[in-house]
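Coordinates as given in run00.csv (CSV, C-alpha atoms and all ligand atoms):
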chain,number,residue,atom,x,y,z
F,1,MET,CA,-73.9,-114.2,0.3
F,2,LYS,CA,-73.0,-117.3,2.2
F,3,MET,CA,-69.5,-118.7,1.4
F,4,SER,CA,-69.4,-122.3,0.4
F,5,LYS,CA,-67.1,-124.6,2.4
F,6,GLY,CA,-64.9,-125.0,-0.6
F,7,SER,CA,-64.4,-121.3,-1.2
F,8,TYR,CA,-64.0,-120.7,2.5
F,9,LEU,CA,-61.1,-123.3,2.6
F,10,ARG,CA,-59.6,-121.8,-0.5
F,11,ARG,CA,-59.6,-118.3,1.0
F,12,THR,CA,-58.2,-119.6,4.3
F,13,GLY,CA,-55.6,-121.5,2.5
F,14,ARG,CA,-54.7,-118.4,0.5
F,15,ILE,CA,-54.3,-116.3,3.6
F,16,LEU,CA,-52.2,-119.0,5.2
F,17,ILE,CA,-49.9,-119.2,2.2
F,18,LEU,CA,-49.7,-115.4,2.2
F,19,GLY,CA,-48.7,-115.5,5.9
F,20,ILE,CA,-45.9,-117.9,5.2
F,21,SER,CA,-44.8,-115.9,2.2
F,22,ILE,CA,-44.8,-112.7,4.4
F,23,PHE,CA,-42.6,-114.4,6.9
F,24,MET,CA,-40.2,-115.6,4.1
F,25,ALA,CA,-40.3,-112.3,2.2
F,26,SER,CA,-39.6,-110.2,5.2
F,27,TYR,CA,-36.0,-110.4,4.1
F,28,LEU,CA,-36.8,-108.4,1.0
F,29,VAL,CA,-36.1,-104.8,1.2
F,30,SER,CA,-38.7,-102.3,0.0
F,31,ASP,CA,-37.7,-98.9,-1.3
F,32,ALA,CA,-41.2,-97.5,-1.4
F,33,ARG,CA,-40.3,-94.3,0.5
F,34,ALA,CA,-41.8,-90.9,0.5
F,35,GLU,CA,-39.9,-87.8,1.2
F,36,THR,CA,-41.1,-86.1,4.4
F,37,GLU,CA,-39.1,-83.2,5.3
F,38,THR,CA,-35.9,-81.4,4.4
F,39,VAL,CA,-33.6,-79.6,6.8
F,40,LEU,CA,-31.0,-77.1,5.7
F,41,LEU,CA,-27.8,-76.8,7.8
F,42,THR,CA,-25.1,-74.1,7.5
F,43,TYR,CA,-21.8,-74.5,9.4
F,44,LYS,CA,-23.4,-72.4,12.2
F,45,ASN,CA,-25.8,-75.3,12.9
F,46,PHE,CA,-23.0,-77.7,13.7
F,47,SER,CA,-22.1,-78.0,17.4
F,48,VAL,CA,-18.6,-79.2,16.7
F,49,LEU,CA,-16.4,-77.5,14.1
F,50,SER,CA,-12.9,-79.1,14.2
F,51,ASN,CA,-10.2,-77.6,11.9
F,52,ALA,CA,-12.8,-75.6,10.1
F,53,CYS,CA,-12.1,-72.1,8.8
F,54,THR,CA,-15.2,-69.9,8.9
F,55,TYR,CA,-16.1,-66.3,7.8
F,56,GLU,CA,-16.0,-65.3,11.5
F,57,ASP,CA,-12.7,-67.1,12.1
F,58,ASN,CA,-11.0,-66.9,8.8
F,59,TRP,CA,-7.5,-68.2,9.6
F,60,CYS,CA,-7.2,-69.9,6.2
F,61,THR,CA,-8.1,-66.6,4.4
F,62,TYR,CA,-10.4,-68.5,2.0
F,63,ALA,CA,-13.6,-68.2,4.0
F,64,ASN,CA,-13.8,-64.6,2.7
F,65,TYR,CA,-17.5,-64.0,2.5
F,66,ARG,CA,-20.5,-64.5,4.8
F,67,GLY,CA,-21.8,-68.0,5.1
F,68,LYS,CA,-18.7,-69.7,3.8
F,69,ALA,CA,-16.6,-72.3,5.7
F,70,VAL,CA,-13.6,-74.3,4.5
F,71,ILE,CA,-13.5,-77.6,6.2
F,72,TYR,CA,-10.2,-79.4,6.7
F,73,GLY,CA,-11.2,-81.5,9.7
F,74,TYR,CA,-14.8,-82.3,10.5
F,75,MET,CA,-18.2,-81.0,11.6
F,76,GLU,CA,-20.6,-82.8,13.8
F,77,LYS,CA,-24.1,-82.4,15.0
F,78,GLU,CA,-26.8,-84.3,16.8
F,79,ILE,CA,-29.9,-84.5,14.6
F,80,GLU,CA,-33.5,-85.2,15.7
F,81,ILE,CA,-35.3,-87.7,13.4
F,82,PRO,CA,-38.8,-86.9,12.4
F,83,GLU,CA,-41.4,-89.4,13.6
F,84,GLY,CA,-41.6,-92.5,11.3
F,85,ALA,CA,-38.5,-91.6,9.2
F,86,THR,CA,-36.4,-94.6,8.4
F,87,GLY,CA,-34.0,-93.0,5.9
F,88,LEU,CA,-31.8,-90.0,5.5
F,89,GLU,CA,-30.0,-88.6,2.5
F,90,VAL,CA,-27.4,-85.9,3.0
F,91,ALA,CA,-26.6,-83.5,0.1
F,92,ILE,CA,-23.7,-81.2,0.2
F,93,GLN,CA,-23.8,-77.8,-1.6
F,94,ILE,CA,-20.5,-76.4,-2.4
F,95,CYS,CA,-20.0,-72.6,-2.3
F,96,SER,CA,-20.7,-70.9,-5.6
F,97,GLU,CA,-18.9,-67.6,-5.6
F,98,GLY,CA,-16.2,-68.6,-7.9
F,99,TRP,CA,-13.3,-70.6,-9.4
F,100,GLY,CA,-11.2,-72.7,-7.0
F,101,GLU,CA,-14.0,-73.6,-4.6
F,102,GLY,CA,-14.9,-77.3,-4.4
F,103,LEU,CA,-14.2,-80.6,-2.9
F,104,ALA,CA,-10.5,-81.1,-3.4
F,105,ALA,CA,-7.1,-82.3,-2.1
F,106,ASP,CA,-3.9,-80.5,-2.4
F,107,ILE,CA,-1.5,-82.3,-4.8
F,108,ASP,CA,1.2,-82.8,-2.1
F,109,GLU,CA,-1.3,-84.0,0.5
F,110,TRP,CA,-3.3,-86.3,-1.7
F,111,THR,CA,-3.3,-90.1,-1.1
F,112,PRO,CA,-5.5,-92.8,-2.6
F,113,ASN,CA,-7.7,-92.5,0.5
F,114,SER,CA,-8.3,-88.7,0.2
F,115,ALA,CA,-12.1,-88.5,0.6
F,116,LEU,CA,-15.1,-86.8,2.1
F,117,GLN,CA,-17.0,-88.9,4.5
F,118,ILE,CA,-20.5,-88.5,5.7
F,119,ILE,CA,-21.1,-90.5,8.8
F,120,VAL,CA,-24.5,-91.1,10.4
F,121,ASN,CA,-24.0,-93.0,13.7
F,122,GLU,CA,-21.7,-95.8,12.6
F,123,GLU,CA,-22.6,-95.9,9.0
F,124,ILE,CA,-20.1,-94.3,6.6
F,125,TRP,CA,-20.7,-93.1,3.1
F,126,GLU,CA,-17.7,-91.6,1.3
F,127,VAL,CA,-16.7,-90.0,-2.0
F,128,LYS,CA,-13.1,-90.3,-3.0
F,129,ILE,CA,-11.1,-87.6,-4.7
F,130,PRO,CA,-9.3,-89.2,-7.6
F,131,LYS,CA,-5.8,-88.4,-8.7
F,132,LEU,CA,-6.1,-86.9,-12.1
F,133,SER,CA,-3.7,-86.7,-15.0
F,134,PRO,CA,-1.9,-83.4,-15.8
F,135,GLY,CA,-3.7,-81.1,-18.2
F,136,ASN,CA,-7.0,-82.1,-16.7
F,137,PRO,CA,-9.2,-79.1,-15.9
F,138,HIS,CA,-9.9,-80.6,-12.5
F,139,ILE,CA,-6.4,-79.9,-11.5
F,140,HIS,CA,-5.9,-76.3,-10.5
F,141,HIS,CA,-4.9,-74.2,-7.4
F,142,TYR,CA,-2.4,-77.0,-6.6
F,143,GLY,CA,-5.3,-79.4,-6.0
F,144,TYR,CA,-7.2,-82.3,-7.4
F,145,TYR,CA,-10.9,-81.4,-7.6
F,146,LYS,CA,-13.7,-83.9,-7.4
F,147,TYR,CA,-16.4,-81.3,-7.4
F,148,GLU,CA,-16.2,-77.7,-8.5
F,149,TRP,CA,-17.9,-74.5,-7.3
F,150,GLY,CA,-21.7,-74.4,-7.3
F,151,GLU,CA,-22.0,-78.2,-7.5
F,152,ARG,CA,-24.1,-80.4,-5.2
F,153,PHE,CA,-23.7,-84.1,-4.4
F,154,SER,CA,-25.7,-86.6,-2.4
F,155,SER,CA,-25.0,-89.5,-0.1
F,156,ASP,CA,-26.8,-92.8,-0.3
F,157,ILE,CA,-29.7,-93.2,2.0
F,158,PHE,CA,-28.7,-94.0,5.6
F,159,ASP,CA,-30.8,-96.3,7.7
F,160,LEU,CA,-32.5,-94.6,10.7
F,161,SER,CA,-34.9,-97.4,11.6
F,162,GLY,CA,-36.0,-97.3,15.2
F,163,LYS,CA,-34.0,-94.2,16.0
F,164,ASP,CA,-35.1,-90.8,17.5
F,165,TYR,CA,-31.7,-89.1,17.3
F,166,ALA,CA,-28.5,-89.6,15.2
F,167,THR,CA,-25.1,-88.1,15.1
F,168,LEU,CA,-24.2,-86.6,11.7
F,169,THR,CA,-20.5,-86.1,10.9
F,170,ILE,CA,-19.0,-84.5,7.8
F,171,LYS,CA,-15.3,-85.4,7.8
F,172,MET,CA,-12.3,-84.8,5.5
F,173,VAL,CA,-9.9,-87.7,5.1
F,174,ASP,CA,-6.2,-87.5,4.0
F,175,GLY,CA,-5.8,-83.9,2.8
F,176,ALA,CA,-9.3,-83.4,1.6
F,177,ARG,CA,-10.9,-80.0,2.0
F,178,LEU,CA,-14.4,-78.7,1.2
F,179,ASP,CA,-15.7,-75.2,0.5
F,180,PHE,CA,-18.9,-75.7,2.4
F,181,TRP,CA,-22.1,-73.8,1.9
F,182,GLU,CA,-24.8,-76.0,3.2
F,183,ALA,CA,-25.9,-79.6,4.0
F,184,ILE,CA,-29.5,-80.5,2.9
F,185,LEU,CA,-30.9,-83.4,4.9
F,186,THR,CA,-33.8,-85.2,3.4
F,187,PHE,CA,-35.7,-87.6,5.6
F,188,TYR,CA,-37.8,-90.5,4.1
F,189,VAL,CA,-40.7,-92.3,5.6
F,190,PRO,CA,-41.8,-95.6,4.1
F,191,GLU,CA,-45.1,-95.1,2.3
F,192,CYS,CA,-48.1,-96.9,3.8
F,193,LYS,CA,-49.7,-98.3,0.7
F,194,GLY,CA,-50.8,-101.4,2.7
F,195,ASP,CA,-53.1,-99.6,5.1
F,196,PHE,CA,-56.2,-100.4,3.0
F,197,ASP,CA,-58.7,-99.6,5.7
F,198,GLN,CA,-57.0,-96.3,6.5
F,199,ASP,CA,-56.9,-96.8,10.3
F,200,GLY,CA,-53.2,-96.0,10.7
F,201,ASP,CA,-51.7,-99.5,10.8
F,202,VAL,CA,-50.9,-102.4,8.5
F,203,ASP,CA,-52.3,-105.4,10.3
F,204,GLY,CA,-54.5,-108.5,9.9
F,205,SER,CA,-57.5,-106.7,8.5
F,206,ASP,CA,-55.3,-105.2,5.8
F,207,LEU,CA,-53.9,-108.6,5.1
F,208,GLY,CA,-57.4,-109.8,4.5
F,209,VAL,CA,-57.9,-107.1,1.9
F,210,PHE,CA,-54.5,-107.9,0.3
F,211,ALA,CA,-55.3,-111.6,0.3
F,212,ALA,CA,-58.6,-111.0,-1.5
F,213,GLY,CA,-56.5,-109.7,-4.3
F,214,GLY,CA,-56.8,-106.8,-6.7
F,215,THR,CA,-54.9,-104.2,-4.6
F,216,GLY,CA,-52.2,-103.8,-7.1
F,217,LEU,CA,-49.6,-103.9,-4.4
F,218,ARG,CA,-46.6,-106.2,-4.7
F,219,LEU,CA,-46.1,-108.8,-1.9
F,220,GLY,CA,-42.7,-107.5,-1.1
F,221,ASP,CA,-44.0,-104.0,-0.6
F,222,PHE,CA,-46.9,-105.2,1.6
F,223,VAL,CA,-44.5,-107.3,3.7
F,224,ALA,CA,-42.2,-104.3,4.2
F,225,GLU,CA,-45.1,-102.4,5.8
F,226,PHE,CA,-46.7,-105.2,7.7
F,227,GLY,CA,-46.8,-104.4,11.4
F,228,ARG,CA,-46.5,-100.7,11.0
F,229,LYS,CA,-48.6,-98.6,13.3
F,230,ASP,CA,-47.5,-95.1,12.2
F,231,CYS,CA,-49.2,-94.7,8.9
F,232,PRO,CA,-50.6,-91.3,8.1
F,233,VAL,CA,-54.4,-91.1,8.6
F,234,CYS,CA,-56.7,-88.6,7.0
F,235,GLU,CA,-57.9,-86.2,9.7
F,301,CA,CA,-55.0,-100.7,8.6
F,302,CA,CA,-56.1,-102.1,12.0

Translate the structure described by the file into structure tokens.
Ligand SMILES: [Ca+2]
Ligand SMILES: [Ca+2]
Amino acid sequence: MKMSKGSYLRRTGRILILGISIFMASYLVSDARAETETVLLTYKNFSVLSNACTYEDNWCTYANYRGKAVIYGYMEKEIEIPEGATGLEVAIQICSEGWGEGLAADIDEWTPNSALQIIVNEEIWEVKIPKLSPGNPHIHHYGYYKYEWGERFSSDIFDLSGKDYATLTIKMVDGARLDFWEAILTFYVPECKGDFDQDGDVDGSDLGVFAAGGTGLRLGDFVAEFGRKDCPVCE
């Protein structure tokens, strides 16, 4: 069917307005992410172990079964980022053999800054170990415990946009120590909901479909994906 001049102008106008909105809304952050891949790391996978007590080198006497490490310093590792991943969440699993294992700081070494830090390149996420009042079950073995044996905690999502590699550091600050079992890395790739014609990118032709309406996608989400060329394609 031939488009009348009026509807042609209306459609062109709508696309123009969308283009301007996309430019303006490109400051909006979209959180439409899909989990891609998880990677498990034990202390053996870290290339740098500094002031870390391990089952093989058990100078602290607490790393007394296979797979356990007690971290007083830091661990570091170069990680390869899966293609298209823009986010990384790091979860720490504490050993689960028994009472006294956890993320803690000895009472006489504790400061208001006692914390565990997870650092990805320059970005730091940290969890502080609070000073607790006497009689609290989280005070034992001469330490303040933030997490206890068997518990797991997760970082915020680190930004990996445009990177192929990153340096991951797990670091103890001001007397903190960790009974470390494993780190679980979860990589996230933004979902490509805006690749309507399924050709692996979000470009002008997808914009045309979006402009025509009825896609159910929010402008902010479309904008976040606009320009991507790494969308998954059905084989
Ligand atoms: Ca497309
Ligand atoms: Ca295309």

Which residues of segment 113-177 of chain F have any atom within 6 Å of an atom in segment 70-76 of chain F when counting only C-alpha atoms, and what is the closest pair of atoms for each, with the distance in Å to one decimal? Order the rows by chain and rising number and write it as a Markdown table.
| residue | atom | partner | partner_atom | distance |
| --- | --- | --- | --- | --- |
| F:Leu168 | CA | F:Glu76 | CA | 5.6 |
| F:Thr169 | CA | F:Glu76 | CA | 4.4 |
| F:Ile170 | CA | F:Met75 | CA | 5.2 |
| F:Lys171 | CA | F:Tyr74 | CA | 4.1 |
| F:Met172 | CA | F:Gly73 | CA | 5.5 |
| F:Arg177 | CA | F:Tyr72 | CA | 4.8 |

If we count only C-alpha atoms and set the cut-off at 8 Å, which residues sit around segment 212-218 of chain F, ignoring sequence neighbours fewer than 5 positions away in its own chain? Please answer as an NGL selection string. :F and (11 or 193-194)

Go through chain F residue by residue and, counting all atoms listed in the file, keep those with an atom at most 7 Å from ligand CA 301 (chain F); for each kept residue give the shortest atom pair and its distance in Å to one decimal, ordered by chain and increasing number, as JSON lines.
{"residue": "F:Asp195", "atom": "CA", "partner": "F:CA301", "partner_atom": "CA", "distance": 4.1}
{"residue": "F:Phe196", "atom": "CA", "partner": "F:CA301", "partner_atom": "CA", "distance": 5.7}
{"residue": "F:Asp197", "atom": "CA", "partner": "F:CA301", "partner_atom": "CA", "distance": 4.8}
{"residue": "F:Gln198", "atom": "CA", "partner": "F:CA301", "partner_atom": "CA", "distance": 5.3}
{"residue": "F:Asp199", "atom": "CA", "partner": "F:CA301", "partner_atom": "CA", "distance": 4.7}
{"residue": "F:Gly200", "atom": "CA", "partner": "F:CA301", "partner_atom": "CA", "distance": 5.5}
{"residue": "F:Asp201", "atom": "CA", "partner": "F:CA301", "partner_atom": "CA", "distance": 4.1}
{"residue": "F:Val202", "atom": "CA", "partner": "F:CA301", "partner_atom": "CA", "distance": 4.4}
{"residue": "F:Asp203", "atom": "CA", "partner": "F:CA301", "partner_atom": "CA", "distance": 5.7}
{"residue": "F:Ser205", "atom": "CA", "partner": "F:CA301", "partner_atom": "CA", "distance": 6.5}
{"residue": "F:Asp206", "atom": "CA", "partner": "F:CA301", "partner_atom": "CA", "distance": 5.3}

Next, dump the selected residues to file, keeping only C-alpha atoms, as a tab-separated table (two decimals), in the coordinates of the input.
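Saved file result_17.tsv follows:
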chain	number	residue	atom	x	y	z
F	195	ASP	CA	-53.10	-99.60	5.10
F	196	PHE	CA	-56.20	-100.40	3.00
F	197	ASP	CA	-58.70	-99.60	5.70
F	198	GLN	CA	-57.00	-96.30	6.50
F	199	ASP	CA	-56.90	-96.80	10.30
F	200	GLY	CA	-53.20	-96.00	10.70
F	201	ASP	CA	-51.70	-99.50	10.80
F	202	VAL	CA	-50.90	-102.40	8.50
F	203	ASP	CA	-52.30	-105.40	10.30
F	205	SER	CA	-57.50	-106.70	8.50
F	206	ASP	CA	-55.30	-105.20	5.80

Would you compute the distance between atom CA of Lys128 of chain F and atom CA of Asp57 of chain F? Give it in Å to one decimal.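 Here the two named atoms are 27.7 Å from each other.
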
Nearby residues (all atoms listed in the file) at most 7 Å from segment 87-103 of chain F, same-chain spacing under 3 positions excluded, as a VMD selection string: chain F and resid 68 141 145 to 160 177 to 189

Choose the residue, out of F:Glu126, F:Ile81, F:Gly143, F:Gly204, that has the smallest atom-to-atom separation from Val173 of chain F; count only C-alpha atoms.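 Of all the options, F:Glu126 lies closest to Val173 of chain F.
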
Find the residues near Asn58 of chain F: any atom within 12 Å, counting all atoms listed in the file, skip ones fewer than 4 places away on the same chain, and give them as a list in words.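 The contact residues come out as Asn51, Ala52, Cys53, Thr54, Tyr62, Ala63, Asn64, Tyr65, Arg66, Gly67, Lys68, Ala69, Val70 and Ile71 of chain F.
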
Take the selection from the previous step and output its residues with C-alpha atoms, as a compact mmCIF listing (two decimals), keeping the file's coordinate frame.
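File written: part-v7.txt
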# COMPACT_ATOMS: atom_id res chain seq x y z
CA ASN F 51 -10.20 -77.60 11.90
CA ALA F 52 -12.80 -75.60 10.10
CA CYS F 53 -12.10 -72.10 8.80
CA THR F 54 -15.20 -69.90 8.90
CA TYR F 62 -10.40 -68.50 2.00
CA ALA F 63 -13.60 -68.20 4.00
CA ASN F 64 -13.80 -64.60 2.70
CA TYR F 65 -17.50 -64.00 2.50
CA ARG F 66 -20.50 -64.50 4.80
CA GLY F 67 -21.80 -68.00 5.10
CA LYS F 68 -18.70 -69.70 3.80
CA ALA F 69 -16.60 -72.30 5.70
CA VAL F 70 -13.60 -74.30 4.50
CA ILE F 71 -13.50 -77.60 6.20

What does the distance from atom CA of Trp125 of chain F to atom CA of Ala85 of chain F come to in Å, to one decimal?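 Atom CA of Ala85 of chain F lies at a distance of 18.9 Å from atom CA of Trp125 of chain F.
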
Quick one: distance from atom CA of Asp221 of chain F to atom CA of Val120 of chain F in Å, one decimal?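 For atom CA of Asp221 of chain F relative to atom CA of Val120 of chain F, the distance reads 25.8 Å.
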
Go through F:Gly84, F:Ile129, F:Thr36, F:Asn121 and flag the residue nearest Cys231 of chain F, using only C-alpha atoms for the distances.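 Nearest to Cys231 of chain F: F:Gly84.
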